[in-house]
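Enquirer: Here you go, this is coords28.tsv (TSV, C-alpha atoms).
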chain	number	residue	atom	x	y	z
A	1	MET	CA	36.52	117.07	-26.58
A	2	ARG	CA	33.88	119.48	-25.23
A	3	ARG	CA	31.45	116.58	-24.62
A	4	ARG	CA	34.00	114.78	-22.46
A	5	SER	CA	34.60	117.97	-20.42
A	6	ASN	CA	30.88	118.53	-19.88
A	7	SER	CA	30.40	114.88	-18.88
A	8	HIS	CA	33.26	115.09	-16.42
A	9	LYS	CA	31.81	118.25	-14.81
A	10	PHE	CA	28.39	116.61	-14.57
A	11	HIS	CA	29.77	113.55	-12.79
A	12	HIS	CA	31.78	115.80	-10.41
A	13	ARG	CA	28.70	117.84	-9.46
A	14	TRP	CA	26.69	114.65	-8.98
A	15	LYS	CA	29.33	113.24	-6.57
A	16	ARG	CA	29.36	116.48	-4.56
A	17	LYS	CA	25.57	116.44	-4.25
A	18	LEU	CA	25.64	112.80	-3.19
A	19	LEU	CA	28.31	113.49	-0.58
A	20	ALA	CA	26.35	116.47	0.74
A	21	ALA	CA	23.22	114.33	0.95
A	22	LEU	CA	25.06	111.63	2.83
A	23	LEU	CA	26.51	114.14	5.31
A	24	LEU	CA	23.09	115.71	5.81
A	25	GLY	CA	21.58	112.29	6.42
A	26	PHE	CA	24.34	111.40	8.88
A	27	CYS	CA	23.83	114.67	10.81
A	28	PHE	CA	20.08	114.12	10.92
A	29	ALA	CA	20.50	110.55	12.16
A	30	THR	CA	22.95	111.71	14.84
A	31	PHE	CA	20.50	114.40	15.98
A	32	VAL	CA	17.65	111.88	16.19
A	33	LEU	CA	19.85	109.48	18.17
A	34	MET	CA	20.94	112.20	20.59
A	35	GLU	CA	17.35	113.30	21.09
A	36	SER	CA	16.24	109.75	21.84
A	37	GLN	CA	19.09	109.27	24.32
A	38	TYR	CA	18.30	112.59	26.02
A	39	SER	CA	14.62	111.63	26.30
A	40	ARG	CA	15.61	108.24	27.73
A	41	ILE	CA	17.95	109.81	30.30
A	42	LYS	CA	15.30	112.37	31.24
A	43	MET	CA	12.72	109.63	31.67
A	44	LEU	CA	15.08	107.57	33.84
A	45	SER	CA	15.85	110.61	36.00
A	46	LEU	CA	12.13	111.08	36.60
A	47	ILE	CA	11.66	107.43	37.48
A	48	SER	CA	14.87	107.13	39.58
A	49	PRO	CA	15.98	110.48	41.07
A	50	PRO	CA	19.76	110.90	41.54
A	51	LEU	CA	21.20	109.32	44.69
A	52	ILE	CA	21.78	111.96	47.34
A	53	ARG	CA	24.04	110.66	50.11
A	54	LYS	CA	23.07	111.69	53.61
A	55	PRO	CA	25.49	113.37	56.04
A	56	LYS	CA	27.35	110.96	58.30
A	57	ILE	CA	28.28	110.71	61.96
A	58	ALA	CA	31.94	109.89	62.54
A	59	PHE	CA	32.28	107.53	65.51
A	60	LEU	CA	35.69	108.27	67.05
A	61	PHE	CA	36.85	105.56	69.46
A	62	ILE	CA	39.72	106.16	71.88
A	63	ALA	CA	40.96	102.68	72.83
A	64	ARG	CA	43.92	101.10	74.56
A	65	ASN	CA	44.22	98.34	71.96
A	66	ARG	CA	41.24	96.46	70.57
A	67	ILE	CA	37.57	97.37	70.93
A	68	PRO	CA	36.39	94.94	73.63
A	69	LEU	CA	32.70	95.69	72.98
A	70	ASP	CA	32.96	95.36	69.19
A	71	MET	CA	30.07	92.90	68.91
A	72	VAL	CA	27.73	95.29	70.72
A	73	TRP	CA	28.66	98.03	68.27
A	74	ASP	CA	28.37	95.54	65.39
A	75	ALA	CA	24.71	95.00	66.28
A	76	PHE	CA	24.23	98.76	66.55
A	77	PHE	CA	25.82	99.60	63.16
A	78	ARG	CA	23.84	96.86	61.43
A	79	GLY	CA	20.79	99.01	62.12
A	80	ASP	CA	21.88	101.45	59.41
A	81	ASP	CA	21.25	100.62	55.75
A	82	GLU	CA	21.89	104.12	54.33
A	83	ASP	CA	25.64	104.52	54.88
A	84	ARG	CA	25.20	107.26	57.50
A	85	PHE	CA	28.26	106.59	59.66
A	86	SER	CA	32.01	106.10	59.57
A	87	VAL	CA	34.34	104.55	62.16
A	88	TYR	CA	37.79	105.67	63.33
A	89	VAL	CA	39.82	104.08	66.15
A	90	HIS	CA	42.81	105.53	67.99
A	91	SER	CA	44.79	102.70	69.60
A	92	ARG	CA	48.39	102.46	70.72
A	93	PRO	CA	50.96	102.95	67.94
A	94	GLY	CA	51.44	99.85	65.82
A	95	PHE	CA	48.20	98.12	66.82
A	96	LEU	CA	46.15	96.82	63.88
A	97	LEU	CA	42.49	95.91	63.75
A	98	THR	CA	42.51	92.66	61.78
A	99	THR	CA	40.40	89.51	61.77
A	100	ALA	CA	42.60	88.36	64.65
A	101	THR	CA	41.81	91.40	66.81
A	102	THR	CA	38.18	92.17	66.01
A	103	ARG	CA	35.16	90.09	65.11
A	104	SER	CA	33.28	93.00	63.57
A	105	ALA	CA	33.74	94.01	59.92
A	106	TYR	CA	32.92	97.59	60.91
A	107	PHE	CA	36.24	97.87	62.78
A	108	LEU	CA	38.53	96.08	60.34
A	109	ASN	CA	41.47	98.32	59.40
A	110	ARG	CA	39.77	101.32	61.00
A	111	GLN	CA	42.75	102.15	63.23
A	112	ILE	CA	44.46	105.53	62.79
A	113	ASN	CA	47.97	104.92	61.52
A	114	ASP	CA	49.47	108.11	62.99
A	115	SER	CA	48.38	107.37	66.57
A	116	VAL	CA	50.37	108.40	69.66
A	117	GLN	CA	50.95	106.82	73.04
A	118	VAL	CA	48.22	108.15	75.35
A	119	ASP	CA	48.70	108.59	79.09
A	120	TRP	CA	45.80	109.45	81.36
A	121	GLY	CA	45.87	113.00	82.66
A	122	GLU	CA	48.34	114.15	79.99
A	123	ALA	CA	47.98	116.36	76.92
A	124	SER	CA	48.51	113.23	74.79
A	125	MET	CA	44.78	112.53	75.25
A	126	ILE	CA	43.99	115.84	73.54
A	127	GLN	CA	46.51	115.02	70.84
A	128	ALA	CA	44.72	111.72	70.18
A	129	GLU	CA	41.40	113.55	69.84
A	130	ARG	CA	42.89	116.02	67.38
A	131	ILE	CA	44.42	113.21	65.29
A	132	LEU	CA	41.06	111.44	65.13
A	133	LEU	CA	39.38	114.64	63.99
A	134	GLN	CA	42.05	115.29	61.36
A	135	ASN	CA	41.41	111.88	59.82
A	136	ALA	CA	37.62	112.09	60.04
A	137	LEU	CA	37.52	115.55	58.46
A	138	MET	CA	39.00	114.10	55.26
A	139	ASP	CA	35.57	112.62	54.49
A	140	HIS	CA	33.43	115.59	53.42
A	141	LEU	CA	30.25	113.66	54.27
A	142	ASN	CA	31.13	113.52	57.97
A	143	GLU	CA	29.04	116.25	59.62
A	144	ARG	CA	29.11	115.17	63.28
A	145	PHE	CA	32.10	113.89	65.23
A	146	LEU	CA	31.33	111.72	68.26
A	147	PHE	CA	33.98	110.70	70.80
A	148	LEU	CA	33.60	107.35	72.56
A	149	SER	CA	35.75	105.28	74.91
A	150	ASP	CA	36.36	101.58	74.41
A	151	SER	CA	33.99	100.88	77.34
A	152	CYS	CA	31.00	102.78	75.92
A	153	ILE	CA	27.75	101.15	74.86
A	154	PRO	CA	24.84	102.57	72.82
A	155	LEU	CA	21.50	102.77	74.62
A	156	TYR	CA	19.25	103.03	71.55
A	157	ASN	CA	19.21	101.80	67.96
A	158	PHE	CA	21.06	103.57	65.16
A	159	SER	CA	18.11	105.41	63.60
A	160	TYR	CA	17.01	106.96	66.88
A	161	THR	CA	20.60	107.94	67.70
A	162	TYR	CA	21.21	109.45	64.27
A	163	ASP	CA	17.98	111.50	64.32
A	164	TYR	CA	18.67	112.73	67.85
A	165	ILE	CA	22.15	114.01	66.99
A	166	MET	CA	21.37	115.38	63.53
A	167	SER	CA	18.15	117.13	64.54
A	168	THR	CA	20.08	120.06	66.00
A	169	SER	CA	22.74	122.31	64.49
A	170	THR	CA	24.64	122.52	67.79
A	171	SER	CA	27.49	120.52	69.25
A	172	PHE	CA	26.87	118.57	72.47
A	173	VAL	CA	29.60	119.67	74.88
A	174	ASP	CA	29.34	119.18	78.63
A	175	SER	CA	30.65	122.56	79.82
A	176	PHE	CA	30.45	124.54	83.02
A	177	ALA	CA	32.44	127.19	84.86
A	178	ASP	CA	34.65	125.52	87.47
A	179	THR	CA	34.34	128.43	89.90
A	180	LYS	CA	34.92	126.53	93.16
A	181	GLU	CA	38.52	125.73	92.24
A	182	LYS	CA	38.83	123.09	94.96
A	183	GLU	CA	41.74	121.45	93.19
A	184	GLY	CA	43.21	124.60	91.69
A	185	ARG	CA	42.98	123.28	88.13
A	186	TYR	CA	43.38	126.65	86.46
A	187	ASN	CA	47.01	127.62	86.23
A	188	PRO	CA	47.52	131.43	86.38
A	189	LYS	CA	50.48	130.96	84.02
A	190	MET	CA	47.88	130.49	81.25
A	191	HIS	CA	46.94	134.16	81.59
A	192	PRO	CA	46.54	136.25	79.49
A	193	VAL	CA	46.31	133.71	76.63
A	194	ILE	CA	43.53	131.89	78.48
A	195	PRO	CA	41.86	134.21	81.02
A	196	VAL	CA	40.24	132.55	84.02
A	197	GLU	CA	36.77	133.71	82.92
A	198	ASN	CA	37.06	131.40	79.89
A	199	TRP	CA	38.12	128.38	81.94
A	200	ARG	CA	35.60	125.54	81.61
A	201	LYS	CA	35.26	121.97	82.80
A	202	GLY	CA	33.26	119.00	81.51
A	203	SER	CA	33.27	115.55	79.99
A	204	GLN	CA	35.59	114.78	77.09
A	205	TRP	CA	32.86	112.66	75.45
A	206	VAL	CA	31.55	115.37	73.15
A	207	VAL	CA	29.72	115.51	69.82
A	208	LEU	CA	31.07	118.24	67.54
A	209	THR	CA	29.71	119.84	64.40
A	210	ARG	CA	32.07	120.03	61.44
A	211	LYS	CA	32.70	123.73	62.13
A	212	HIS	CA	33.76	123.04	65.71
A	213	ALA	CA	35.82	119.99	64.71
A	214	GLU	CA	37.78	122.17	62.30
A	215	ILE	CA	38.35	124.75	65.04
A	216	VAL	CA	39.84	122.06	67.31
A	217	VAL	CA	42.16	120.79	64.58
A	218	GLN	CA	43.29	124.30	63.56
A	219	ASP	CA	43.86	125.53	67.14
A	220	ASP	CA	47.42	126.74	67.64
A	221	THR	CA	46.82	128.93	70.70
A	222	VAL	CA	44.94	127.08	73.45
A	223	TYR	CA	46.48	123.64	72.84
A	224	PRO	CA	50.10	124.80	73.40
A	225	MET	CA	49.02	126.38	76.71
A	226	PHE	CA	47.48	123.09	77.79
A	227	GLU	CA	50.61	121.17	76.82
A	228	GLN	CA	52.73	123.49	78.92
A	229	HIS	CA	50.56	124.35	81.92
A	230	CYS	CA	47.75	121.77	82.29
A	231	LYS	CA	49.20	118.68	83.97
A	232	LYS	CA	47.96	116.21	86.54
A	233	LYS	CA	49.23	116.46	90.09
A	234	SER	CA	52.19	114.32	91.10
A	235	LEU	CA	51.08	111.13	92.82
A	236	PRO	CA	53.11	108.64	94.90
A	237	GLU	CA	53.27	106.12	92.04
A	238	PHE	CA	55.02	108.69	89.90
A	239	TRP	CA	57.80	109.55	92.39
A	240	ARG	CA	60.40	107.60	90.46
A	241	ASP	CA	59.41	109.10	87.11
A	242	ARG	CA	59.59	112.79	87.96
A	243	PRO	CA	60.93	114.90	90.83
A	244	LEU	CA	58.36	116.15	93.30
A	245	PRO	CA	57.96	119.93	93.55
A	246	ALA	CA	59.37	121.64	96.63
A	247	ASP	CA	55.86	122.80	97.59
A	248	GLY	CA	53.24	120.29	96.45
A	249	SER	CA	50.41	122.57	97.56
A	250	LYS	CA	51.19	124.87	94.63
A	251	GLU	CA	50.65	122.16	92.03
A	252	HIS	CA	47.63	122.53	89.74
A	253	ASN	CA	45.90	119.18	89.31
A	254	CYS	CA	44.77	119.83	85.75
A	255	ILE	CA	43.26	117.00	83.67
A	256	PRO	CA	43.56	118.30	80.07
A	257	ASP	CA	40.79	116.30	78.40
A	258	GLU	CA	38.24	117.51	80.98
A	259	HIS	CA	38.87	121.16	80.05
A	260	TYR	CA	40.26	121.51	76.54
A	261	VAL	CA	37.29	121.53	74.11
A	262	GLN	CA	35.10	123.40	76.59
A	263	THR	CA	37.70	126.11	77.20
A	264	LEU	CA	38.59	126.40	73.50
A	265	LEU	CA	34.97	127.01	72.45
A	266	ALA	CA	34.49	129.51	75.29
A	267	GLN	CA	37.69	131.24	74.20
A	268	LYS	CA	36.32	131.49	70.64
A	269	GLY	CA	33.00	132.93	71.86
A	270	LEU	CA	31.07	129.93	70.54
A	271	GLU	CA	29.18	128.79	73.62
A	272	GLY	CA	25.96	129.95	71.99
A	273	GLU	CA	26.49	127.22	69.38
A	274	ILE	CA	26.63	124.30	71.82
A	275	THR	CA	24.17	122.30	73.87
A	276	ARG	CA	25.97	122.29	77.19
A	277	ARG	CA	25.64	118.63	78.13
A	278	SER	CA	27.12	115.29	77.17
A	279	LEU	CA	25.20	112.46	75.49
A	280	THR	CA	27.31	109.87	77.33
A	281	HIS	CA	26.35	108.85	80.86
A	282	THR	CA	29.04	108.25	83.48
A	283	SER	CA	28.32	107.38	87.10
A	284	TRP	CA	30.48	109.43	89.48
A	285	ASP	CA	28.41	109.16	92.67
A	286	LEU	CA	30.25	106.40	94.51
A	287	SER	CA	29.96	107.61	98.10
A	288	SER	CA	27.37	104.97	98.97
A	289	SER	CA	29.20	102.03	97.40
A	290	ARG	CA	29.72	99.04	99.70
A	291	ASP	CA	32.77	97.97	97.73
A	292	PRO	CA	35.86	99.85	99.04
A	293	GLU	CA	37.56	99.41	95.66
A	294	ARG	CA	34.76	101.34	94.01
A	295	ARG	CA	35.00	104.39	96.25
A	296	GLY	CA	36.83	107.48	95.14
A	297	TRP	CA	36.55	110.11	92.44
A	298	HIS	CA	36.58	107.69	89.53
A	299	PRO	CA	33.79	106.55	87.21
A	300	LEU	CA	32.00	103.40	88.27
A	301	THR	CA	32.75	100.32	86.18
A	302	TYR	CA	29.67	98.17	85.53
A	303	LYS	CA	30.42	94.48	85.90
A	304	LEU	CA	28.44	91.37	84.95
A	305	ALA	CA	26.26	91.47	88.06
A	306	ASP	CA	25.37	95.13	87.39
A	307	ALA	CA	24.21	94.52	83.82
A	308	THR	CA	20.45	94.39	84.17
A	309	PRO	CA	17.54	95.91	82.22
A	310	LYS	CA	16.73	97.89	85.36
A	311	LEU	CA	20.13	99.61	85.24
A	312	ILE	CA	19.73	100.55	81.57
A	313	GLN	CA	16.22	101.82	82.18
A	314	SER	CA	17.39	103.97	85.09
A	315	ILE	CA	19.94	105.64	82.79
A	316	LYS	CA	17.41	106.10	80.01
A	317	ASP	CA	14.95	107.71	82.44
A	318	ILE	CA	17.28	110.63	83.22
A	319	ASP	CA	15.76	113.79	81.74
A	320	ASN	CA	17.78	116.55	83.43
A	321	ILE	CA	21.27	117.31	84.70
A	322	TYR	CA	22.16	119.66	87.57
A	323	TYR	CA	25.40	121.69	87.45
A	324	GLU	CA	26.22	122.59	91.04
A	325	THR	CA	28.92	125.19	90.34
A	326	GLU	CA	26.57	127.21	88.13
A	327	TYR	CA	23.33	126.43	90.01
A	328	ARG	CA	22.00	125.39	86.62
A	329	ARG	CA	19.63	122.56	85.80
A	330	GLU	CA	19.78	121.42	82.19
A	331	TRP	CA	16.45	119.94	81.08
A	332	CYS	CA	17.11	117.71	78.11
A	333	THR	CA	15.28	118.25	74.83
A	334	SER	CA	15.33	116.86	71.31
A	335	LYS	CA	13.56	118.44	68.32
A	336	GLY	CA	12.21	121.09	70.67
A	337	LYS	CA	10.49	118.58	72.96
A	338	PRO	CA	11.43	117.11	76.36
A	339	SER	CA	13.59	114.03	75.93
A	340	ARG	CA	15.94	111.64	77.67
A	341	CYS	CA	19.45	112.96	78.18
A	342	PHE	CA	21.78	110.11	77.23
A	343	LEU	CA	22.36	108.04	74.09
A	344	PHE	CA	25.45	106.20	75.40
A	345	ALA	CA	26.81	104.98	78.72
A	346	ARG	CA	30.17	103.92	80.17
A	347	LYS	CA	32.09	102.12	81.71
A	348	PHE	CA	31.00	98.55	80.91
A	349	THR	CA	33.12	95.42	81.02
A	350	ARG	CA	32.87	93.02	78.09
A	351	PRO	CA	30.85	90.39	80.04
A	352	ALA	CA	28.42	93.08	81.23
A	353	ALA	CA	27.91	94.52	77.75
A	354	LEU	CA	27.44	91.11	76.12
A	355	ARG	CA	24.91	90.16	78.78
A	356	LEU	CA	22.90	93.29	78.00
A	357	LEU	CA	23.11	92.54	74.27
A	358	ASN	CA	21.99	88.92	74.70
A	359	THR	CA	19.03	89.91	76.86
A	360	SER	CA	17.99	92.64	74.36
A	361	ALA	CA	18.08	95.16	77.19
A	362	LEU	CA	19.69	97.74	74.90
A	363	GLY	CA	17.21	97.45	72.04
A	364	ILE	CA	19.88	98.27	69.46
A	365	SER	CA	19.14	95.59	66.87
A	366	SER	CA	18.01	96.58	63.39
A	367	GLU	CA	14.52	95.27	64.16
A	368	ALA	CA	14.03	98.01	66.79
A	369	THR	CA	12.67	101.10	65.04
A	370	SER	CA	12.01	103.55	67.85
A	371	GLY	CA	13.81	105.05	70.79
A	372	GLY	CA	11.82	102.71	72.98
A	373	ASN	CA	11.39	102.40	76.68
Can you turn what I pasted into structure tokens?

Expert:
Amino acid sequence: MRRRSNSHKFHHRWKRKLLAALLLGFCFATFVLMESQYSRIKMLSLISPPLIRKPKIAFLFIARNRIPLDMVWDAFFRGDDEDRFSVYVHSRPGFLLTTATTRSAYFLNRQINDSVQVDWGEASMIQAERILLQNALMDHLNERFLFLSDSCIPLYNFSYTYDYIMSTSTSFVDSFADTKEKEGRYNPKMHPVIPVENWRKGSQWVVLTRKHAEIVVQDDTVYPMFEQHCKKKSLPEFWRDRPLPADGSKEHNCIPDEHYVQTLLAQKGLEGEITRRSLTHTSWDLSSSRDPERRGWHPLTYKLADATPKLIQSIKDIDNIYYETEYRREWCTSKGKPSRCFLFARKFTRPAALRLLNTSALGISSEATSGGN
């Protein structure tokens, strides 16, 4: 009886030792496997460093419907192979960018779904800008926010444009003190929320840093004042839509989009964080035009006959801008060196833009690797 008990204990101890040995072997094998995997991962990380995505420029198009110059922009965007841009389009409510309305894959379904009806000279233009920024800010990789009209063209290839914009930490905002007040654009009813010393004028075609884009979207002080007190002057064609004031001379011909961003940043004390010029060229000097239809205080529209390499070169050659109201000449620089002032130009018709693209006058194809010309 005692022999059976001793034999049973022996077999029990032997099984426990065997189980312990198996567990020890399993743990050792697991450790060796983990070490080999770690070494493999470490080796791969040395050979192929982790992908670091570069900051992007958000191209924000304000359009009536479709993008008429989409093929010009298609050639421009094809110059980027590092995913350094995103596209957003504000068109009329309900308009969709499909294969039936655009020939460029870069614009497919890029319309903003919460768009509003925009009327020139109304606060709705500012509202459209704010909606575009709200949507673009959702992508944390977007670091610059560039406003463009549907008649804008790029003057250089993507790489040159990207480096030019990203080489500085400032926003590009055309901004100057409108001291002459010929048209009485500042409405005293804005005081004291917006004092006259913070009133600024400039182009709406700005490039904003992420910080400044967030300030525009979060603004709940300046924008309401513009909605209420910054309106365009009544014109004859609007007689049936709104009653004329008893004394038209007291109207303030305020164009909101030419003042809003500039005034907001001045109001916030941020003018030291902006380069006070636009990167988009617009021709306003029409006094010498032989065409009566082209005279007046409106930007010149470039038609097919105007679209020549000489025209593009003349825009590219501009290296300074003079601000008459401030007696200030802005010499353009990039990376601390003298440079050309403009990266984009407007207003071009579709035939004019396509002619420039077909003649390679713009130099925006992916084969072009420098600013050129």

Enquirer: I need the residue nearest Arg66 (chain A) from this list: A:Asp150, A:Asp119, A:Asp163, A:Glu129. Use all atoms listed in the file for the distance.

Expert: A:Asp150

Enquirer: For region 73-92 of chain A, what centre and edge lengths in Å (one decimal) does the axis-aligned box get once 6 Å is added on each side of all its listed atoms, as JSON?

Expert:
{"center_x": 34.6, "center_y": 101.1, "center_z": 62.5, "size_x": 39.6, "size_y": 24.3, "size_z": 28.4}

Enquirer: Which of these, A:Ile364, A:Cys230, A:Leu96, A:Ile194, has the shortest distance to Ala123 (chain A) once you count only C-alpha atoms?

Expert: A:Cys230

Enquirer: Counting all atoms listed in the file, which residues come within 12 Å of (26.0, 127.1, 73.1), with the point read in the file's coordinates, and could you list them as a PDB file with C-alpha atoms, in the coordinates of the input?

Expert:
ATOM      1  CA  THR A 168      20.080 120.060  66.000  1.00  0.00           C
ATOM      2  CA  SER A 169      22.740 122.310  64.490  1.00  0.00           C
ATOM      3  CA  THR A 170      24.640 122.520  67.790  1.00  0.00           C
ATOM      4  CA  SER A 171      27.490 120.520  69.250  1.00  0.00           C
ATOM      5  CA  PHE A 172      26.870 118.570  72.470  1.00  0.00           C
ATOM      6  CA  VAL A 173      29.600 119.670  74.880  1.00  0.00           C
ATOM      7  CA  ASP A 174      29.340 119.180  78.630  1.00  0.00           C
ATOM      8  CA  SER A 175      30.650 122.560  79.820  1.00  0.00           C
ATOM      9  CA  PHE A 176      30.450 124.540  83.020  1.00  0.00           C
ATOM     10  CA  LEU A 208      31.070 118.240  67.540  1.00  0.00           C
ATOM     11  CA  THR A 209      29.710 119.840  64.400  1.00  0.00           C
ATOM     12  CA  HIS A 212      33.760 123.040  65.710  1.00  0.00           C
ATOM     13  CA  GLN A 262      35.100 123.400  76.590  1.00  0.00           C
ATOM     14  CA  LEU A 265      34.970 127.010  72.450  1.00  0.00           C
ATOM     15  CA  ALA A 266      34.490 129.510  75.290  1.00  0.00           C
ATOM     16  CA  LYS A 268      36.320 131.490  70.640  1.00  0.00           C
ATOM     17  CA  GLY A 269      33.000 132.930  71.860  1.00  0.00           C
ATOM     18  CA  LEU A 270      31.070 129.930  70.540  1.00  0.00           C
ATOM     19  CA  GLU A 271      29.180 128.790  73.620  1.00  0.00           C
ATOM     20  CA  GLY A 272      25.960 129.950  71.990  1.00  0.00           C
ATOM     21  CA  GLU A 273      26.490 127.220  69.380  1.00  0.00           C
ATOM     22  CA  ILE A 274      26.630 124.300  71.820  1.00  0.00           C
ATOM     23  CA  THR A 275      24.170 122.300  73.870  1.00  0.00           C
ATOM     24  CA  ARG A 276      25.970 122.290  77.190  1.00  0.00           C
ATOM     25  CA  ARG A 277      25.640 118.630  78.130  1.00  0.00           C
TER      26      ARG A 277
END

Enquirer: For Asn358 (chain A), list every protein, DNA or RNA residue within 12 Å, evaluated using only C-alpha atoms, and leave out those in the same chain fewer than 6 positions away; present the list as number ranges by chain.

Expert: A: 71-72, 75, 307-309, 351-352, 364-365

Enquirer: With only C-alpha atoms as the basis for distance, which of A:Phe226, A:Trp205, A:Tyr323, A:Tyr260 is at the shortest distance from Leu279 (chain A)?

Expert: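 Among the listed residues, A:Trp205 lies closest to Leu279 (chain A).
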
Enquirer: What is the CA of Val118 (chain A)-CA of Ser151 (chain A) distance in Å, reported with one decimal?

Expert: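 CA of Ser151 (chain A) lies at a distance of 16.1 Å from CA of Val118 (chain A).
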
Enquirer: Which one of A:Lys211, A:Arg130, A:Lys347, A:Lys335 sits closest to Leu60 (chain A) if you count only C-alpha atoms?

Expert: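 When distances to Leu60 (chain A) are compared using only C-alpha atoms, the smallest one comes from A:Arg130.
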
Enquirer: Tell me, as a VMD selection string, which residues lie within 9 Å of Lys56 (chain A), counting only C-alpha atoms; anything in the same chain fewer than 4 positions away does not count.

Expert: chain A and resid 83 to 86 141 to 145 162

Enquirer: Find the residue from A:Tyr186, A:Tyr156, A:Tyr88, A:Phe107 that sits nearest to Ile62 (chain A); use only C-alpha atoms when measuring.

Expert: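 Selected residue with least distance to Ile62 (chain A): A:Tyr88.
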
Enquirer: Counting only C-alpha atoms, which of A:Ile255, A:Val87, A:Ala353, A:Cys341 gets nearest to Glu122 (chain A)?

Expert: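 Closest candidate: A:Ile255.
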
Enquirer: Between CA of Ile131 (chain A) and CA of Leu343 (chain A), what is the distance, to one decimal in Å?

Expert: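 Going from CA of Ile131 (chain A) over to CA of Leu343 (chain A) covers 24.3 Å.
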
Enquirer: Within 8 Å of Asp70 (chain A), counting only C-alpha atoms, which residues qualify if same-chain residues fewer than 3 places away don't, as a compact mmCIF listing (two decimals) with C-alpha atoms, in the frame of the given file?

Expert:
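To be explicit, this is the file written out as selection.txt:
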# COMPACT_ATOMS: atom_id res chain seq x y z
CA ILE A 67 37.57 97.37 70.93
CA TRP A 73 28.66 98.03 68.27
CA ASP A 74 28.37 95.54 65.39
CA THR A 102 38.18 92.17 66.01
CA ARG A 103 35.16 90.09 65.11
CA SER A 104 33.28 93.00 63.57
CA PHE A 107 36.24 97.87 62.78

Enquirer: So how many Å separate CA of Leu311 (chain A) and CA of Ala361 (chain A), to one decimal?

Expert: 9.4 Å

Enquirer: Will you model all heavy atoms for region 315-319 of chain A and pass it back as a PDB file, in the coordinates of the input?

Expert:
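Final output, out.pdb:
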ATOM      1  N   ILE A 315      19.141 104.661  83.528  1.00  0.00           N
ATOM      2  CA  ILE A 315      19.940 105.640  82.790  1.00  0.00           C
ATOM      3  C   ILE A 315      19.084 106.324  81.732  1.00  0.00           C
ATOM      4  O   ILE A 315      19.142 107.542  81.548  1.00  0.00           O
ATOM      5  CB  ILE A 315      21.170 104.963  82.158  1.00  0.00           C
ATOM      6  CG1 ILE A 315      22.093 104.394  83.245  1.00  0.00           C
ATOM      7  CG2 ILE A 315      21.941 105.952  81.281  1.00  0.00           C
ATOM      8  CD1 ILE A 315      23.252 103.586  82.715  1.00  0.00           C
ATOM      9  N   LYS A 316      18.276 105.536  81.043  1.00  0.00           N
ATOM     10  CA  LYS A 316      17.410 106.100  80.010  1.00  0.00           C
ATOM     11  C   LYS A 316      16.385 107.073  80.586  1.00  0.00           C
ATOM     12  O   LYS A 316      15.950 108.001  79.908  1.00  0.00           O
ATOM     13  CB  LYS A 316      16.678 104.972  79.269  1.00  0.00           C
ATOM     14  CG  LYS A 316      17.551 104.159  78.330  1.00  0.00           C
ATOM     15  CD  LYS A 316      16.711 103.141  77.589  1.00  0.00           C
ATOM     16  CE  LYS A 316      17.524 102.390  76.546  1.00  0.00           C
ATOM     17  NZ  LYS A 316      16.698 101.427  75.785  1.00  0.00           N
ATOM     18  N   ASP A 317      15.996 106.868  81.829  1.00  0.00           N
ATOM     19  CA  ASP A 317      14.950 107.710  82.440  1.00  0.00           C
ATOM     20  C   ASP A 317      15.453 109.102  82.814  1.00  0.00           C
ATOM     21  O   ASP A 317      14.637 109.982  83.116  1.00  0.00           O
ATOM     22  CB  ASP A 317      14.388 107.022  83.680  1.00  0.00           C
ATOM     23  CG  ASP A 317      13.446 105.876  83.337  1.00  0.00           C
ATOM     24  OD1 ASP A 317      12.980 105.826  82.178  1.00  0.00           O
ATOM     25  OD2 ASP A 317      13.194 105.025  84.211  1.00  0.00           O
ATOM     26  N   ILE A 318      16.742 109.321  82.826  1.00  0.00           N
ATOM     27  CA  ILE A 318      17.280 110.630  83.220  1.00  0.00           C
ATOM     28  C   ILE A 318      16.890 111.683  82.192  1.00  0.00           C
ATOM     29  O   ILE A 318      17.177 111.538  81.007  1.00  0.00           O
ATOM     30  CB  ILE A 318      18.819 110.566  83.368  1.00  0.00           C
ATOM     31  CG1 ILE A 318      19.214 109.566  84.459  1.00  0.00           C
ATOM     32  CG2 ILE A 318      19.390 111.951  83.678  1.00  0.00           C
ATOM     33  CD1 ILE A 318      20.711 109.300  84.540  1.00  0.00           C
ATOM     34  N   ASP A 319      16.218 112.746  82.664  1.00  0.00           N
ATOM     35  CA  ASP A 319      15.760 113.790  81.740  1.00  0.00           C
ATOM     36  C   ASP A 319      16.283 115.173  82.094  1.00  0.00           C
ATOM     37  O   ASP A 319      15.886 116.168  81.480  1.00  0.00           O
ATOM     38  CB  ASP A 319      14.235 113.811  81.656  1.00  0.00           C
ATOM     39  CG  ASP A 319      13.579 114.105  83.010  1.00  0.00           C
ATOM     40  OD1 ASP A 319      14.307 114.327  84.010  1.00  0.00           O
ATOM     41  OD2 ASP A 319      12.333 114.105  83.068  1.00  0.00           O
TER      42      ASP A 319
END
